[in-house]
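A.B. asks: The file below is structure.cif, mmCIF, C-alpha atoms, pLDDT in the B column; chains and numbers go by the auth columns:
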data_coords
loop_
_atom_site.group_PDB
_atom_site.id
_atom_site.type_symbol
_atom_site.label_atom_id
_atom_site.label_comp_id
_atom_site.label_asym_id
_atom_site.label_seq_id
_atom_site.Cartn_x
_atom_site.Cartn_y
_atom_site.Cartn_z
_atom_site.B_iso_or_equiv
_atom_site.auth_seq_id
_atom_site.auth_asym_id
ATOM 1 C CA MET A 1 22.939 -7.429 113.052 62.00 1 A
ATOM 2 C CA GLU A 2 23.319 -4.904 115.841 76.00 2 A
ATOM 3 C CA ARG A 3 21.768 -5.854 119.159 80.00 3 A
ATOM 4 C CA VAL A 4 19.461 -3.392 120.841 82.00 4 A
ATOM 5 C CA GLY A 5 20.311 -2.501 124.436 91.00 5 A
ATOM 6 C CA PRO A 6 17.845 -1.895 127.227 94.00 6 A
ATOM 7 C CA PRO A 7 16.131 1.493 127.535 94.00 7 A
ATOM 8 C CA ASP A 8 17.928 4.062 129.677 93.00 8 A
ATOM 9 C CA ASP A 9 15.022 4.366 132.109 94.00 9 A
ATOM 10 C CA ILE A 10 14.513 0.650 132.826 95.00 10 A
ATOM 11 C CA SER A 11 14.460 -0.390 136.469 94.00 11 A
ATOM 12 C CA PRO A 12 16.833 -3.115 137.648 94.00 12 A
ATOM 13 C CA LEU A 13 13.846 -5.321 138.505 93.00 13 A
ATOM 14 C CA GLU A 14 12.405 -5.006 135.005 95.00 14 A
ATOM 15 C CA PHE A 15 15.863 -5.476 133.465 95.00 15 A
ATOM 16 C CA PHE A 16 16.540 -8.768 135.226 94.00 16 A
ATOM 17 C CA THR A 17 13.014 -10.208 135.188 94.00 17 A
ATOM 18 C CA CYS A 18 11.800 -9.097 131.743 95.00 18 A
ATOM 19 C CA TRP A 19 14.365 -7.502 129.485 95.00 19 A
ATOM 20 C CA VAL A 20 17.210 -10.042 129.815 94.00 20 A
ATOM 21 C CA PRO A 21 14.995 -13.145 129.448 95.00 21 A
ATOM 22 C CA ASN A 22 13.180 -11.621 126.462 94.00 22 A
ATOM 23 C CA ALA A 23 16.412 -10.485 124.790 93.00 23 A
ATOM 24 C CA VAL A 24 17.876 -13.977 125.033 93.00 24 A
ATOM 25 C CA ALA A 25 14.649 -15.653 123.888 94.00 25 A
ATOM 26 C CA ALA A 26 14.535 -13.418 120.805 93.00 26 A
ATOM 27 C CA ASP A 27 18.195 -13.943 119.826 92.00 27 A
ATOM 28 C CA GLU A 28 19.216 -17.341 118.481 92.00 28 A
ATOM 29 C CA ALA A 29 22.937 -16.529 118.760 90.00 29 A
ATOM 30 C CA ARG A 30 22.565 -15.732 122.472 89.00 30 A
ATOM 31 C CA ARG A 31 20.570 -18.922 123.052 91.00 31 A
ATOM 32 C CA LYS A 32 23.227 -21.009 121.288 92.00 32 A
ATOM 33 C CA LYS A 33 25.985 -19.492 123.436 90.00 33 A
ATOM 34 C CA LEU A 34 24.056 -20.450 126.567 91.00 34 A
ATOM 35 C CA ASP A 35 23.026 -23.914 125.368 90.00 35 A
ATOM 36 C CA GLY A 36 24.149 -26.506 127.889 91.00 36 A
ATOM 37 C CA THR A 37 24.779 -23.862 130.549 92.00 37 A
ATOM 38 C CA ASN A 38 23.065 -24.302 133.872 95.00 38 A
ATOM 39 C CA ALA A 39 23.902 -21.586 136.376 96.00 39 A
ATOM 40 C CA LYS A 40 22.530 -19.124 138.880 97.00 40 A
ATOM 41 C CA ILE A 41 24.058 -15.648 138.900 96.00 41 A
ATOM 42 C CA VAL A 42 23.344 -13.269 141.762 97.00 42 A
ATOM 43 C CA PHE A 43 23.725 -9.511 141.262 96.00 43 A
ATOM 44 C CA GLU A 44 23.843 -7.255 144.325 97.00 44 A
ATOM 45 C CA LEU A 45 23.220 -3.645 143.294 96.00 45 A
ATOM 46 C CA SER A 46 23.425 -0.526 145.407 95.00 46 A
ATOM 47 C CA GLY A 47 21.781 2.848 144.845 90.00 47 A
ATOM 48 C CA ASP A 48 18.348 3.577 143.383 85.00 48 A
ATOM 49 C CA GLY A 49 16.580 0.340 142.558 84.00 49 A
ATOM 50 C CA GLY A 50 19.337 -1.600 144.251 91.00 50 A
ATOM 51 C CA GLY A 51 18.867 -4.985 145.754 95.00 51 A
ATOM 52 C CA CYS A 52 19.639 -8.607 145.126 96.00 52 A
ATOM 53 C CA TYR A 53 18.651 -9.983 141.721 96.00 53 A
ATOM 54 C CA THR A 54 19.086 -13.574 140.588 96.00 54 A
ATOM 55 C CA VAL A 55 19.276 -14.777 136.993 95.00 55 A
ATOM 56 C CA HIS A 56 18.888 -18.483 136.207 96.00 56 A
ATOM 57 C CA LEU A 57 20.470 -19.891 133.050 95.00 57 A
ATOM 58 C CA SER A 58 19.218 -23.261 131.864 94.00 58 A
ATOM 59 C CA ASP A 59 20.002 -24.773 128.456 86.00 59 A
ATOM 60 C CA GLY A 60 19.700 -21.589 126.407 87.00 60 A
ATOM 61 C CA ALA A 61 16.951 -19.948 128.456 90.00 61 A
ATOM 62 C CA VAL A 62 17.152 -17.191 131.036 93.00 62 A
ATOM 63 C CA LYS A 63 14.714 -16.591 133.877 93.00 63 A
ATOM 64 C CA GLY A 64 14.913 -13.624 136.224 85.00 64 A
#
What's the structure tokens form of this structure?
C.D. replies:
Amino acid sequence: MERVGPPDDISPLEFFTCWVPNAVAADEARRKKLDGTNAKIVFELSGDGGGCYTVHLSDGAVKG
């Protein structure tokens, strides 16, 4: 099964807060890989839409 990537015109905010959490929630293989993982990852982006974005991983779930 080929995974679908995010749309080309997605904003970084929407990517980190909506697309990533939804993609993981909809994909059992991704959830299994993250099971037992508890982490906070901070992305600092420059350019259009840049800023600081944090992703929280917690036992197979992702929250932006």
A.B. asks: Enumerate, as number ranges by chain, the residues matched when the PyMOL selection byres ((chain A and resi 11-19) around 7) is run on the file above.
C.D. replies: A: 6, 9-10, 20-23, 49, 53, 55, 63-64
A.B. asks: Please report the interatomic distance between CA of Arg3 (chain A) and CA of Gly51 (chain A) in Å with one decimal.
C.D. replies: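 About the pair CA of Arg3 (chain A) and CA of Gly51 (chain A): they are 26.8 Å apart.
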A.B. asks: Would you work out the distance separating CA of Ala29 (chain A) from CA of Gly60 (chain A), expressed in Å to one decimal?
C.D. replies: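 Answer for the CA of Ala29 (chain A) to CA of Gly60 (chain A) separation: 9.7 Å.
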A.B. asks: Please, which residues are within 7 Å of (24.2, -27.7, 131.3) by the file's coordinates, counting all atoms listed in the file, and could they come as a ChimeraX atom specification?
C.D. replies: /A:36-38,58-59
A.B. asks: Which value, in Å to one decimal, gives the distance between CA of Pro7 (chain A) and CA of Ser46 (chain A)?
C.D. replies: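 Separation between CA of Pro7 (chain A) and CA of Ser46 (chain A): 19.4 Å.
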A.B. asks: So, with only C-alpha atoms as the atoms that count, which of A:His56, A:Val62, A:Asp8, A:Glu2 lies closest to Ala39 (chain A)?
C.D. replies: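 For Ala39 (chain A), the nearest of the candidates is A:His56.
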A.B. asks: Can you list what the PyMOL selection byres ((chain A and resi 43) around 7) grabs from this structure, as a PyMOL selection string?
C.D. replies: chain A and resi 41-42+44-45+52-54
A.B. asks: Rebuild all heavy atoms on region 2-13 of chain A, as a compact mmCIF listing (two decimals), keeping the file's coordinate frame?
C.D. replies:
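What follows is the written file result-v2.txt:
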# COMPACT_ATOMS: atom_id res chain seq x y z
N GLU A 2 22.99 -5.59 114.59
CA GLU A 2 23.32 -4.90 115.84
C GLU A 2 22.25 -5.20 116.88
O GLU A 2 21.06 -5.12 116.62
CB GLU A 2 23.40 -3.40 115.61
CG GLU A 2 23.89 -2.66 116.83
CD GLU A 2 24.10 -1.17 116.56
OE1 GLU A 2 24.43 -0.83 115.42
OE2 GLU A 2 23.91 -0.40 117.50
N ARG A 3 22.69 -5.56 118.08
CA ARG A 3 21.77 -5.85 119.16
C ARG A 3 21.31 -4.56 119.81
O ARG A 3 22.08 -3.65 120.02
CB ARG A 3 22.43 -6.74 120.20
CG ARG A 3 22.69 -8.11 119.69
CD ARG A 3 23.31 -8.95 120.76
NE ARG A 3 23.46 -10.31 120.28
CZ ARG A 3 24.35 -11.14 120.74
NH1 ARG A 3 25.18 -10.77 121.69
NH2 ARG A 3 24.43 -12.35 120.27
N VAL A 4 20.05 -4.54 120.17
CA VAL A 4 19.46 -3.39 120.84
C VAL A 4 19.67 -3.55 122.34
O VAL A 4 19.43 -4.62 122.90
CB VAL A 4 17.96 -3.28 120.52
CG1 VAL A 4 17.33 -2.14 121.28
CG2 VAL A 4 17.74 -3.13 119.02
N GLY A 5 20.12 -2.49 122.99
CA GLY A 5 20.31 -2.50 124.44
C GLY A 5 19.03 -2.11 125.15
O GLY A 5 18.05 -1.69 124.54
N PRO A 6 19.04 -2.25 126.45
CA PRO A 6 17.84 -1.90 127.23
C PRO A 6 17.62 -0.39 127.22
O PRO A 6 18.56 0.38 127.03
CB PRO A 6 18.18 -2.39 128.63
CG PRO A 6 19.67 -2.38 128.70
CD PRO A 6 20.13 -2.71 127.31
N PRO A 7 16.40 0.05 127.45
CA PRO A 7 16.13 1.49 127.54
C PRO A 7 16.86 2.11 128.72
O PRO A 7 17.13 1.43 129.73
CB PRO A 7 14.62 1.58 127.72
CG PRO A 7 14.13 0.21 127.98
CD PRO A 7 15.21 -0.76 127.64
N ASP A 8 17.19 3.36 128.62
CA ASP A 8 17.93 4.06 129.68
C ASP A 8 17.14 4.14 130.98
O ASP A 8 17.74 4.19 132.05
CB ASP A 8 18.30 5.48 129.23
CG ASP A 8 19.34 5.49 128.13
OD1 ASP A 8 20.11 4.50 128.01
OD2 ASP A 8 19.39 6.47 127.38
N ASP A 9 15.83 4.17 130.90
CA ASP A 9 15.02 4.37 132.11
C ASP A 9 14.47 3.06 132.70
O ASP A 9 13.58 3.08 133.55
CB ASP A 9 13.87 5.33 131.83
CG ASP A 9 12.92 4.81 130.76
OD1 ASP A 9 13.26 3.83 130.06
OD2 ASP A 9 11.83 5.38 130.63
N ILE A 10 15.00 1.93 132.33
CA ILE A 10 14.51 0.65 132.83
C ILE A 10 14.97 0.44 134.27
O ILE A 10 16.09 0.80 134.64
CB ILE A 10 14.99 -0.51 131.92
CG1 ILE A 10 14.23 -1.80 132.23
CG2 ILE A 10 16.47 -0.72 132.03
CD1 ILE A 10 14.46 -2.90 131.21
N SER A 11 14.09 -0.11 135.08
CA SER A 11 14.46 -0.39 136.47
C SER A 11 15.26 -1.69 136.51
O SER A 11 15.13 -2.55 135.63
CB SER A 11 13.20 -0.54 137.33
OG SER A 11 12.54 -1.75 137.02
N PRO A 12 16.10 -1.86 137.52
CA PRO A 12 16.83 -3.12 137.65
C PRO A 12 15.90 -4.33 137.71
O PRO A 12 16.18 -5.36 137.09
CB PRO A 12 17.62 -2.95 138.95
CG PRO A 12 17.83 -1.49 139.07
CD PRO A 12 16.55 -0.89 138.54
N LEU A 13 14.79 -4.21 138.42
CA LEU A 13 13.85 -5.32 138.50
C LEU A 13 13.33 -5.72 137.13
O LEU A 13 13.35 -6.89 136.75
CB LEU A 13 12.67 -4.96 139.42
CG LEU A 13 11.59 -6.05 139.55
CD1 LEU A 13 12.15 -7.32 140.16
CD2 LEU A 13 10.42 -5.52 140.37
